[in-house]
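Data file: start.cif. Format and content: mmCIF, C-alpha atoms and all ligand atoms.
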data_query
#
loop_
_atom_site.label_atom_id
_atom_site.label_comp_id
_atom_site.auth_asym_id
_atom_site.auth_seq_id
_atom_site.Cartn_x
_atom_site.Cartn_y
_atom_site.Cartn_z
CA MET A 2 6.77 44.31 11.93
CA LYS A 3 7.51 47.73 13.41
CA MET A 4 10.28 49.67 11.71
CA ILE A 5 12.85 51.95 13.32
CA ARG A 6 15.33 54.43 11.86
CA LEU A 7 19.03 53.97 12.47
CA ALA A 8 22.01 56.09 11.57
CA ASN A 9 20.36 59.48 12.00
CA GLY A 10 17.34 58.30 10.09
CA ASN A 11 19.24 57.06 7.03
CA VAL A 12 18.57 53.34 7.51
CA GLU A 13 15.07 51.91 7.90
CA SER A 14 15.27 48.69 9.88
CA SER A 15 12.93 46.17 11.41
CA VAL A 16 12.83 46.67 15.18
CA ILE A 17 13.67 42.96 15.55
CA ALA A 18 16.89 41.63 14.03
CA LEU A 19 18.05 38.08 13.37
CA GLY A 20 21.42 37.13 14.87
CA CYS A 21 23.46 34.63 12.89
CA LEU A 22 25.84 33.41 15.60
CA ARG A 23 24.39 29.90 15.69
CA ILE A 24 23.65 29.11 12.04
CA SER A 25 26.97 27.50 11.03
CA PRO A 26 26.13 23.89 12.01
CA LEU A 27 22.72 23.96 10.31
CA PRO A 28 22.01 22.25 6.97
CA GLY A 29 21.86 24.73 4.09
CA LYS A 30 18.11 24.20 3.68
CA THR A 31 17.47 25.15 7.31
CA VAL A 32 19.56 28.31 7.00
CA SER A 33 17.59 29.23 3.92
CA LYS A 34 14.30 28.54 5.69
CA LEU A 35 15.35 30.64 8.69
CA ILE A 36 16.32 33.60 6.51
CA HIS A 37 13.12 33.34 4.46
CA THR A 38 11.02 33.09 7.62
CA ALA A 39 12.72 36.23 8.91
CA ILE A 40 11.96 38.07 5.68
CA ASP A 41 8.35 36.83 5.66
CA GLU A 42 7.97 38.19 9.19
CA GLY A 43 9.29 41.59 8.10
CA ILE A 44 12.84 41.30 9.45
CA ASN A 45 15.35 43.05 7.21
CA PHE A 46 18.29 43.29 9.65
CA PHE A 47 20.84 40.48 10.02
CA ASP A 48 23.67 40.49 12.55
CA HIS A 49 26.97 38.70 11.89
CA ALA A 50 30.57 38.64 13.07
CA ASP A 51 33.74 37.48 11.35
CA ILE A 52 34.26 34.92 14.14
CA TYR A 53 30.80 33.32 14.23
CA GLY A 54 31.35 29.62 13.56
CA GLY A 55 34.95 30.54 12.67
CA GLY A 56 33.60 32.33 9.57
CA ARG A 57 31.21 29.53 8.62
CA SER A 58 28.11 31.47 9.72
CA GLU A 59 28.83 34.21 7.19
CA GLU A 60 29.58 31.54 4.58
CA ALA A 61 26.28 29.76 5.22
CA PHE A 62 24.42 33.07 4.90
CA GLY A 63 26.40 33.91 1.75
CA LYS A 64 25.31 30.66 0.11
CA VAL A 65 21.66 31.64 0.53
CA LEU A 66 22.38 35.09 -0.89
CA LYS A 67 24.14 33.52 -3.85
CA GLU A 68 21.02 31.53 -4.71
CA MET A 69 18.82 34.63 -4.40
CA PRO A 70 21.02 37.70 -5.03
CA GLN A 71 17.96 39.93 -5.28
CA LEU A 72 17.62 39.57 -1.47
CA ARG A 73 20.79 41.56 -0.79
CA GLU A 74 19.34 44.99 -1.55
CA LYS A 75 16.40 44.32 0.74
CA MET A 76 18.68 43.52 3.67
CA ILE A 77 20.69 45.45 6.19
CA LEU A 78 23.80 43.40 6.87
CA GLN A 79 25.83 44.14 9.96
CA THR A 80 29.07 42.39 10.87
CA LYS A 81 31.74 42.77 13.54
CA CYS A 82 35.49 42.55 13.83
CA GLY A 83 38.15 42.91 16.50
CA ILE A 84 38.38 39.54 18.24
CA GLY A 85 41.51 37.50 17.59
CA LYS A 86 42.50 34.16 19.09
CA GLY A 87 43.37 35.12 22.68
CA TYR A 88 43.49 38.88 22.10
CA TYR A 89 41.42 41.83 20.92
CA ASP A 90 42.60 43.75 17.90
CA SER A 91 41.48 47.19 16.72
CA SER A 92 44.49 47.77 14.45
CA TRP A 93 44.01 49.15 10.91
CA GLU A 94 45.27 45.87 9.44
CA HIS A 95 42.91 43.68 11.45
CA ILE A 96 39.83 45.80 10.76
CA VAL A 97 40.44 46.13 7.02
CA ASN A 98 41.40 42.47 6.52
CA SER A 99 38.47 41.30 8.59
CA VAL A 100 36.02 43.26 6.44
CA ASP A 101 37.53 41.81 3.26
CA GLY A 102 37.03 38.31 4.73
CA SER A 103 33.42 39.03 5.70
CA LEU A 104 32.62 40.43 2.25
CA ARG A 105 34.11 37.35 0.59
CA ARG A 106 32.20 34.93 2.82
CA LEU A 107 28.90 36.81 2.59
CA GLY A 108 29.33 37.20 -1.17
CA THR A 109 28.54 40.91 -1.13
CA ASP A 110 30.61 43.97 -1.99
CA TYR A 111 29.52 46.05 1.00
CA VAL A 112 28.19 45.68 4.54
CA ASP A 113 25.77 48.23 5.86
CA ILE A 114 27.16 48.44 9.39
CA LEU A 115 30.50 47.37 10.87
CA LEU A 116 30.90 47.08 14.66
CA LEU A 117 34.02 46.80 16.78
CA HIS A 118 33.09 43.61 18.62
CA ARG A 119 34.75 44.35 21.99
CA PRO A 120 36.76 47.15 23.54
CA ASP A 121 40.50 46.69 22.96
CA ALA A 122 42.74 47.87 25.83
CA LEU A 123 45.42 48.64 23.23
CA MET A 124 43.12 50.62 20.94
CA GLN A 125 44.57 53.68 19.20
CA PRO A 126 41.49 55.63 18.15
CA GLU A 127 43.39 57.35 15.30
CA ARG A 128 44.13 53.98 13.68
CA VAL A 129 40.50 52.93 13.98
CA ALA A 130 39.54 56.24 12.38
CA GLU A 131 41.87 55.60 9.43
CA ALA A 132 40.45 52.11 8.95
CA PHE A 133 36.84 53.32 9.10
CA SER A 134 37.52 56.14 6.63
CA ASP A 135 39.33 53.83 4.20
CA LEU A 136 36.49 51.31 4.38
CA GLN A 137 33.88 53.99 3.83
CA LYS A 138 35.77 55.60 0.92
CA SER A 139 36.16 52.25 -0.80
CA GLY A 140 32.41 51.66 -0.45
CA LYS A 141 32.91 48.48 1.61
CA VAL A 142 31.12 49.77 4.74
CA ARG A 143 28.33 52.34 4.96
CA TYR A 144 28.02 52.94 8.73
CA PHE A 145 29.99 52.15 11.87
CA GLY A 146 29.32 51.20 15.47
CA VAL A 147 30.57 49.29 18.48
CA SER A 148 29.57 46.43 20.71
CA ASN A 149 30.10 46.00 24.45
CA HIS A 150 31.58 49.51 24.75
CA ASN A 151 30.92 51.95 27.58
CA SER A 152 30.28 55.65 27.16
CA GLY A 153 33.89 56.71 27.83
CA GLN A 154 35.20 54.32 25.20
CA ILE A 155 32.69 55.62 22.68
CA GLU A 156 33.70 59.22 23.48
CA LEU A 157 37.33 58.33 22.87
CA LEU A 158 36.42 57.11 19.40
CA ARG A 159 34.04 59.93 18.58
CA ARG A 160 36.79 62.51 19.22
CA VAL A 161 38.67 61.34 16.12
CA LEU A 162 36.20 59.51 13.88
CA GLU A 163 34.91 61.21 10.75
CA GLN A 164 31.78 59.05 10.98
CA GLU A 165 29.05 58.81 13.61
CA ILE A 166 28.85 55.78 15.91
CA VAL A 167 25.36 54.60 15.03
CA VAL A 168 25.03 51.37 17.07
CA ASN A 169 26.16 49.93 20.41
CA GLN A 170 25.32 46.24 20.89
CA LEU A 171 25.20 45.02 24.51
CA GLN A 172 23.81 42.07 26.44
CA LEU A 173 20.33 42.83 27.79
CA SER A 174 17.30 40.80 28.78
CA VAL A 175 14.65 40.86 31.48
CA ALA A 176 17.00 38.65 33.51
CA TYR A 177 20.20 40.55 32.64
CA THR A 178 19.58 44.14 33.58
CA GLY A 179 22.74 45.69 35.06
CA MET A 180 22.37 48.79 32.87
CA ILE A 181 18.85 49.34 34.16
CA ASP A 182 19.51 48.41 37.80
CA ALA A 183 22.15 51.11 38.18
CA GLY A 184 19.74 53.77 36.98
CA LEU A 185 17.02 52.64 39.39
CA ASN A 186 19.31 52.48 42.42
CA VAL A 187 21.20 55.76 42.24
CA ASN A 188 23.23 56.59 45.36
CA ILE A 189 22.12 53.49 47.25
CA ASN A 190 24.80 51.51 49.00
CA HIS A 191 24.10 48.09 47.58
CA GLU A 192 25.14 45.92 44.64
CA PRO A 193 22.46 46.86 42.07
CA ALA A 194 23.61 50.49 42.28
CA TYR A 195 27.05 49.73 40.81
CA ASP A 196 27.38 51.44 37.47
CA ARG A 197 29.47 48.94 35.54
CA ASP A 198 29.15 50.61 32.18
CA HIS A 199 29.41 54.36 32.74
CA GLY A 200 25.71 55.11 32.25
CA VAL A 201 25.79 53.64 28.76
CA LEU A 202 22.02 53.35 28.40
CA GLU A 203 21.46 57.06 28.99
CA TYR A 204 24.59 57.96 27.01
CA CYS A 205 23.41 56.10 23.88
CA ARG A 206 19.99 57.64 24.18
CA LEU A 207 21.45 61.14 24.54
CA ASN A 208 23.68 60.65 21.52
CA ASN A 209 21.22 59.01 19.16
CA ILE A 210 23.12 55.71 19.19
CA THR A 211 20.82 52.74 18.60
CA MET A 212 21.26 50.11 21.26
CA GLN A 213 20.96 46.48 20.26
CA ALA A 214 20.29 43.74 22.82
CA TRP A 215 22.23 40.53 22.34
CA SER A 216 21.16 37.26 23.99
CA PRO A 217 17.68 38.59 24.78
CA LEU A 218 16.60 35.26 26.34
CA HIS A 219 19.72 34.61 28.44
CA TYR A 220 20.43 35.50 32.07
CA ASP A 221 24.24 35.37 32.06
CA GLN A 222 27.10 34.47 29.74
CA SER A 223 26.44 30.72 29.86
CA ASP A 224 24.39 29.06 27.16
CA GLU A 225 21.26 28.69 29.31
CA VAL A 226 18.10 30.65 28.69
CA PHE A 227 15.75 31.75 31.49
CA LEU A 228 12.67 30.43 29.65
CA ASP A 229 11.37 27.23 31.30
CA ASN A 230 14.37 27.38 33.62
CA GLU A 231 13.77 26.28 37.21
CA LYS A 232 16.06 29.08 38.43
CA TYR A 233 13.34 31.56 37.39
CA PRO A 234 10.00 30.11 38.56
CA LEU A 235 8.27 33.45 39.21
CA LEU A 236 9.45 35.02 35.98
CA ASN A 237 8.29 32.02 33.93
CA HIS A 238 4.96 31.95 35.71
CA MET A 239 4.38 35.62 34.92
CA LEU A 240 5.63 35.33 31.32
CA SER A 241 3.25 32.40 30.75
CA ASN A 242 0.27 34.24 32.24
CA MET A 243 0.89 37.37 30.18
CA ALA A 244 1.53 35.26 27.08
CA GLU A 245 -1.75 33.43 27.53
CA SER A 246 -3.74 36.60 28.07
CA LYS A 247 -2.23 38.23 24.96
CA GLY A 248 -2.29 35.10 22.78
CA VAL A 249 1.45 34.99 22.16
CA SER A 250 4.44 32.95 23.42
CA PRO A 251 6.40 33.69 26.61
CA SER A 252 9.43 34.38 24.41
CA ALA A 253 7.50 37.15 22.64
CA ILE A 254 6.65 38.73 26.01
CA ALA A 255 10.32 38.56 27.06
CA VAL A 256 11.38 40.33 23.86
CA ALA A 257 8.54 42.86 24.15
CA TRP A 258 9.93 43.68 27.59
CA ILE A 259 13.16 44.90 25.97
CA MET A 260 11.29 46.82 23.29
CA ARG A 261 9.18 48.63 25.90
CA LEU A 262 12.25 50.62 26.95
CA PRO A 263 11.87 54.07 25.40
CA ALA A 264 15.48 54.05 24.19
CA GLY A 265 14.22 52.19 21.10
CA ILE A 266 16.33 49.07 21.62
CA GLN A 267 16.66 46.53 18.82
CA PRO A 268 16.68 42.91 20.10
CA ILE A 269 18.96 40.52 18.19
CA ILE A 270 17.19 37.15 18.16
CA GLY A 271 19.40 34.07 18.11
CA THR A 272 17.06 31.13 17.59
CA THR A 273 17.83 28.75 14.73
CA GLN A 274 14.25 27.45 14.64
CA PRO A 275 11.95 29.21 12.16
CA GLU A 276 8.84 28.52 14.24
CA ARG A 277 10.40 30.03 17.36
CA LEU A 278 11.40 33.05 15.31
CA ARG A 279 7.82 33.49 14.11
CA GLN A 280 6.55 33.34 17.69
CA ILE A 281 9.07 35.93 18.87
CA CYS A 282 8.13 38.32 16.06
CA HIS A 283 4.71 38.75 17.71
CA ALA A 284 6.60 40.94 20.19
CA SER A 285 6.46 43.67 17.58
CA SER A 286 2.70 44.02 17.98
CA ILE A 287 2.63 44.02 21.80
CA GLU A 288 3.11 46.97 24.07
CA LEU A 289 3.50 46.03 27.71
CA SER A 290 1.96 48.37 30.24
CA ARG A 291 4.16 50.17 32.74
CA GLN A 292 2.81 47.85 35.48
CA GLU A 293 3.52 44.72 33.42
CA TRP A 294 7.07 45.89 32.65
CA TYR A 295 7.90 46.51 36.30
CA ALA A 296 6.20 43.27 37.40
CA LEU A 297 8.42 41.23 35.04
CA TYR A 298 11.52 43.14 36.17
CA GLN A 299 10.79 42.20 39.77
CA ALA A 300 9.77 38.63 38.93
CA ALA A 301 13.27 38.18 37.50
CA GLY A 302 14.63 38.76 41.02
CA ASN A 303 15.10 42.52 41.07
CA HIS A 304 13.85 44.84 43.80
CA LEU A 305 12.79 48.43 43.54
CA PRO A 306 14.40 50.71 46.13
N1 LIG A 401 28.02 41.47 20.48
C1 LIG A 401 28.25 40.39 21.19
O1 LIG A 401 29.21 40.31 21.97
C2 LIG A 401 27.31 39.23 21.04
C3 LIG A 401 27.42 38.12 21.89
C4 LIG A 401 26.50 37.07 21.70
C5 LIG A 401 25.53 37.15 20.70
N2 LIG A 401 25.48 38.24 19.88
C6 LIG A 401 24.46 38.36 18.82
O2 LIG A 401 23.19 38.20 19.43
C7 LIG A 401 22.46 37.19 18.76
C8 LIG A 401 21.54 36.52 19.72
O3 LIG A 401 22.28 35.86 20.75
P1 LIG A 401 21.75 34.50 21.35
O4 LIG A 401 21.67 33.47 20.30
O5 LIG A 401 22.58 34.20 22.56
O6 LIG A 401 20.27 34.97 21.74
P2 LIG A 401 18.96 34.33 22.34
O7 LIG A 401 17.89 34.63 21.38
O8 LIG A 401 18.86 34.84 23.75
O9 LIG A 401 19.23 32.78 22.43
C9 LIG A 401 19.00 31.88 21.39
C10 LIG A 401 19.37 30.51 21.92
O10 LIG A 401 18.40 30.14 22.91
C11 LIG A 401 17.83 28.90 22.55
N3 LIG A 401 16.41 28.82 23.01
C12 LIG A 401 15.97 27.98 23.97
N4 LIG A 401 14.65 28.11 24.15
C13 LIG A 401 14.23 29.03 23.26
C14 LIG A 401 12.95 29.59 22.95
N5 LIG A 401 11.83 29.19 23.59
N6 LIG A 401 12.87 30.53 22.01
C15 LIG A 401 13.97 30.95 21.37
N7 LIG A 401 15.23 30.45 21.60
C16 LIG A 401 15.35 29.50 22.55
C17 LIG A 401 17.95 28.84 21.05
O11 LIG A 401 17.89 27.49 20.63
P3 LIG A 401 17.22 27.13 19.19
O12 LIG A 401 18.19 27.65 18.17
O13 LIG A 401 17.12 25.66 19.22
O14 LIG A 401 15.90 27.83 19.15
C18 LIG A 401 19.33 29.45 20.83
O15 LIG A 401 20.34 28.50 21.12
C19 LIG A 401 23.53 36.29 18.15
O16 LIG A 401 23.06 35.55 17.04
C20 LIG A 401 24.56 37.30 17.73
O17 LIG A 401 24.16 37.86 16.49
C21 LIG A 401 26.35 39.28 20.04
#
Take the structure in the file and give it back as structure tokens.
Ligand SMILES: NC(=O)c1ccc[n+]([C@@H]2O[C@H](COP(=O)([O-])OP(=O)(O)OC[C@H]3O[C@@H](n4cnc5c(N)ncnc54)[C@H](OP(=O)(O)O)[C@@H]3O)[C@@H](O)[C@H]2O)c1
Amino acid sequence: MKMIRLANGNVESSVIALGCLRISPLPGKTVSKLIHTAIDEGINFFDHADIYGGGRSEEAFGKVLKEMPQLREKMILQTKCGIGKGYYDSSWEHIVNSVDGSLRRLGTDYVDILLLHRPDALMQPERVAEAFSDLQKSGKVRYFGVSNHNSGQIELLRRVLEQEIVVNQLQLSVAYTGMIDAGLNVNINHEPAYDRDHGVLEYCRLNNITMQAWSPLHYDQSDEVFLDNEKYPLLNHMLSNMAESKGVSPSAIAVAWIMRLPAGIQPIIGTTQPERLRQICHASSIELSRQEWYALYQAAGNHLP
């Protein structure tokens, strides 16, 4: 497994991370097997949120940690806060209480990285700054970041935060490429040119903010993946051909596509099946050529200007 450095080089992480959104309904043994498979494959980074499974995902993970507490120090644990029921909340109270809940459920006394899960239209950056500083001083959180934020929103925070923003987690896959389309279609009067996120890809790269790709096998916000999906015949054909020639799975090629971007993007893998996770981890040893990368981009339905 390839390693990358986050947080200005202070955190050494596997380039591939395991996302824990979907683990809450699984039997305890399966959760344990998934986590151990991840570790066997060299994954040391685990992504959570207070709301995953209504808190039960963190609990399920915490049970495995309780059985094997020695695992904690080998792991980078990231969680998120800021989504309430029907509203977003970046208040001091919400952030601090949410972290206390995550720590209790995970059975740990600190998380490595805390992300604001979504932008909050009512955000007061000064209150976020107070919450982050209090959490850091108390030793409950080491580093801070955001998810689904654009560059302007990150700037607003950076003006007042004592800490660096080290991560921005956004949806990205070979079939969900808005951030890339805008950069390839500058000043062209058609839909792919619309910059929906304020140049966030370039902004994160310029500011040493690690981008993480959520839902790396999805093509929209529904629960459907593009793999083996009849809506993407050409993409699947090309993924299968490349997979066969490189001796890996199509899912590994799809994840390698994300990792080929020079921004150093960390895909967050959401499978609950240990064997699928193993297959995807082969992405770490593949480097797609420039031609292969562009061929997959176009097979997903995109056009170059
Ligand atoms: N920041 C945010 O707003 C945000 C939003 C969503 C997710 N996330 C994070 O991103 C992580 C990944 O999201 P995701 O679960 O949507 O990602 P994903 O890896 O794109 O999707 C995984 C889902 O696809 C299914 N799948 C179908 N065929 C598959 C195949 N051949 N290989 C692998 N999986 C296949 C999996 O089912 P099986 O389990 O049966 O394999 C699972 O339900 C989450 O766990 C969470 O940590 C963050």
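By all atoms listed in the file, and with residues fewer than 4 positions from Ile287 in chain A along its chain excluded, the set lying at most 8 Å from it is Ile254, Ala257 and His283 of chain A.
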For ligand LIG 401 (chain A), I'd like the enclosing box, axis-aligned and padded by 8 Å on every side, reported as JSON with centre and edge lengths in Å to one decimal.
{"center_x": 20.5, "center_y": 33.6, "center_z": 20.3, "size_x": 33.4, "size_y": 31.8, "size_z": 23.7}
What does the list of residues within 7 Å of ligand LIG 401 (chain A) look like if you count only C-alpha atoms and all ligand atoms, written as a PyMOL selection string? chain A and resi 19-23+48-49+118-119+148-149+170-171+215-219+226+228+252+269-274+277-278
Export C-alpha atoms of the chosen residues as a CSV table (one decimal), in the frame of the given file?
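Final file, result_15.csv:
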chain,number,residue,atom,x,y,z
A,19,LEU,CA,18.0,38.1,13.4
A,20,GLY,CA,21.4,37.1,14.9
A,21,CYS,CA,23.5,34.6,12.9
A,22,LEU,CA,25.8,33.4,15.6
A,23,ARG,CA,24.4,29.9,15.7
A,48,ASP,CA,23.7,40.5,12.6
A,49,HIS,CA,27.0,38.7,11.9
A,118,HIS,CA,33.1,43.6,18.6
A,119,ARG,CA,34.8,44.4,22.0
A,148,SER,CA,29.6,46.4,20.7
A,149,ASN,CA,30.1,46.0,24.4
A,170,GLN,CA,25.3,46.2,20.9
A,171,LEU,CA,25.2,45.0,24.5
A,215,TRP,CA,22.2,40.5,22.3
A,216,SER,CA,21.2,37.3,24.0
A,217,PRO,CA,17.7,38.6,24.8
A,218,LEU,CA,16.6,35.3,26.3
A,219,HIS,CA,19.7,34.6,28.4
A,226,VAL,CA,18.1,30.6,28.7
A,228,LEU,CA,12.7,30.4,29.6
A,252,SER,CA,9.4,34.4,24.4
A,269,ILE,CA,19.0,40.5,18.2
A,270,ILE,CA,17.2,37.2,18.2
A,271,GLY,CA,19.4,34.1,18.1
A,272,THR,CA,17.1,31.1,17.6
A,273,THR,CA,17.8,28.8,14.7
A,274,GLN,CA,14.2,27.4,14.6
A,277,ARG,CA,10.4,30.0,17.4
A,278,LEU,CA,11.4,33.0,15.3
Polymer residues at most 12 Å from Leu235 in chain A, all atoms listed in the file, same-chain spacing of 4 or more positions, as JSON, numbers by chain: {"A": [176, 227, 228, 229, 230, 231, 239, 240, 241, 242, 296, 297, 298, 299, 300, 301, 302, 303]}
Counting all atoms listed in the file, the residue of A:Ser33, A:Ser103, A:Gln137, A:Gln213 that sits nearest Val168 in chain A: A:Gln213
Nearest to Glu192 in chain A among A:His304, A:Ile84, A:Arg291, A:Ala39, with distances taken over only C-alpha atoms: which residue is it? A:His304
What is the CA of Thr211 in chain A to CA of Gly265 in chain A distance in Å? 7.1 Å
Just how far from CA of Asp196 in chain A is CA of Ile5 in chain A, in Å to one decimal?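 Answer for the CA of Ile5 in chain A to CA of Asp196 in chain A separation: 28.2 Å.
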Which one of A:Val175, A:Met69, A:Asn98, A:Glu203 sits closest to Tyr233 in chain A if you count only C-alpha atoms?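 Ranking A:Val175, A:Met69, A:Asn98, A:Glu203 by distance to Tyr233 in chain A, first place goes to A:Val175.
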Can you complete the atoms of range 108-126 of chain A to N, CA and C atoms and list them as a PDB file, keeping the file's coordinate frame?
ATOM      1  N   GLY A 108      29.580  37.074   0.269  1.00  0.00           N
ATOM      2  CA  GLY A 108      29.330  37.200  -1.170  1.00  0.00           C
ATOM      3  C   GLY A 108      28.652  38.524  -1.511  1.00  0.00           C
ATOM      4  N   THR A 109      29.107  39.584  -0.855  1.00  0.00           N
ATOM      5  CA  THR A 109      28.540  40.910  -1.130  1.00  0.00           C
ATOM      6  C   THR A 109      29.706  41.888  -1.264  1.00  0.00           C
ATOM      7  N   ASP A 110      29.479  43.047  -1.895  1.00  0.00           N
ATOM      8  CA  ASP A 110      30.610  43.970  -1.990  1.00  0.00           C
ATOM      9  C   ASP A 110      30.540  45.103  -0.970  1.00  0.00           C
ATOM     10  N   TYR A 111      29.527  45.077  -0.103  1.00  0.00           N
ATOM     11  CA  TYR A 111      29.520  46.050   1.000  1.00  0.00           C
ATOM     12  C   TYR A 111      28.726  45.482   2.176  1.00  0.00           C
ATOM     13  N   VAL A 112      29.077  45.918   3.387  1.00  0.00           N
ATOM     14  CA  VAL A 112      28.190  45.680   4.540  1.00  0.00           C
ATOM     15  C   VAL A 112      27.614  47.024   4.947  1.00  0.00           C
ATOM     16  N   ASP A 113      26.425  46.969   5.492  1.00  0.00           N
ATOM     17  CA  ASP A 113      25.770  48.230   5.860  1.00  0.00           C
ATOM     18  C   ASP A 113      26.374  48.815   7.131  1.00  0.00           C
ATOM     19  N   ILE A 114      26.633  47.937   8.112  1.00  0.00           N
ATOM     20  CA  ILE A 114      27.160  48.440   9.390  1.00  0.00           C
ATOM     21  C   ILE A 114      28.297  47.516   9.858  1.00  0.00           C
ATOM     22  N   LEU A 115      29.379  48.129  10.288  1.00  0.00           N
ATOM     23  CA  LEU A 115      30.500  47.370  10.870  1.00  0.00           C
ATOM     24  C   LEU A 115      30.644  47.778  12.340  1.00  0.00           C
ATOM     25  N   LEU A 116      30.708  46.785  13.231  1.00  0.00           N
ATOM     26  CA  LEU A 116      30.900  47.080  14.660  1.00  0.00           C
ATOM     27  C   LEU A 116      32.268  46.587  15.119  1.00  0.00           C
ATOM     28  N   LEU A 117      32.879  47.342  16.029  1.00  0.00           N
ATOM     29  CA  LEU A 117      34.020  46.800  16.780  1.00  0.00           C
ATOM     30  C   LEU A 117      33.422  45.900  17.846  1.00  0.00           C
ATOM     31  N   HIS A 118      33.807  44.624  17.838  1.00  0.00           N
ATOM     32  CA  HIS A 118      33.090  43.610  18.620  1.00  0.00           C
ATOM     33  C   HIS A 118      33.251  43.797  20.131  1.00  0.00           C
ATOM     34  N   ARG A 119      34.477  44.144  20.556  1.00  0.00           N
ATOM     35  CA  ARG A 119      34.750  44.350  21.990  1.00  0.00           C
ATOM     36  C   ARG A 119      35.763  45.469  22.149  1.00  0.00           C
ATOM     37  N   PRO A 120      35.735  46.139  23.289  1.00  0.00           N
ATOM     38  CA  PRO A 120      36.760  47.150  23.540  1.00  0.00           C
ATOM     39  C   PRO A 120      38.141  46.485  23.546  1.00  0.00           C
ATOM     40  N   ASP A 121      39.126  47.190  23.016  1.00  0.00           N
ATOM     41  CA  ASP A 121      40.500  46.690  22.960  1.00  0.00           C
ATOM     42  C   ASP A 121      41.339  47.608  23.855  1.00  0.00           C
ATOM     43  N   ALA A 122      41.951  47.043  24.893  1.00  0.00           N
ATOM     44  CA  ALA A 122      42.740  47.870  25.830  1.00  0.00           C
ATOM     45  C   ALA A 122      43.881  48.576  25.104  1.00  0.00           C
ATOM     46  N   LEU A 123      44.296  48.044  23.962  1.00  0.00           N
ATOM     47  CA  LEU A 123      45.420  48.640  23.230  1.00  0.00           C
ATOM     48  C   LEU A 123      44.943  49.508  22.061  1.00  0.00           C
ATOM     49  N   MET A 124      43.677  49.861  22.081  1.00  0.00           N
ATOM     50  CA  MET A 124      43.120  50.620  20.940  1.00  0.00           C
ATOM     51  C   MET A 124      43.788  51.991  20.784  1.00  0.00           C
ATOM     52  N   GLN A 125      44.128  52.313  19.542  1.00  0.00           N
ATOM     53  CA  GLN A 125      44.570  53.680  19.200  1.00  0.00           C
ATOM     54  C   GLN A 125      43.469  54.253  18.335  1.00  0.00           C
ATOM     55  N   PRO A 126      42.667  55.148  18.884  1.00  0.00           N
ATOM     56  CA  PRO A 126      41.490  55.630  18.150  1.00  0.00           C
ATOM     57  C   PRO A 126      41.837  56.164  16.762  1.00  0.00           C
TER      58      PRO A 126
END
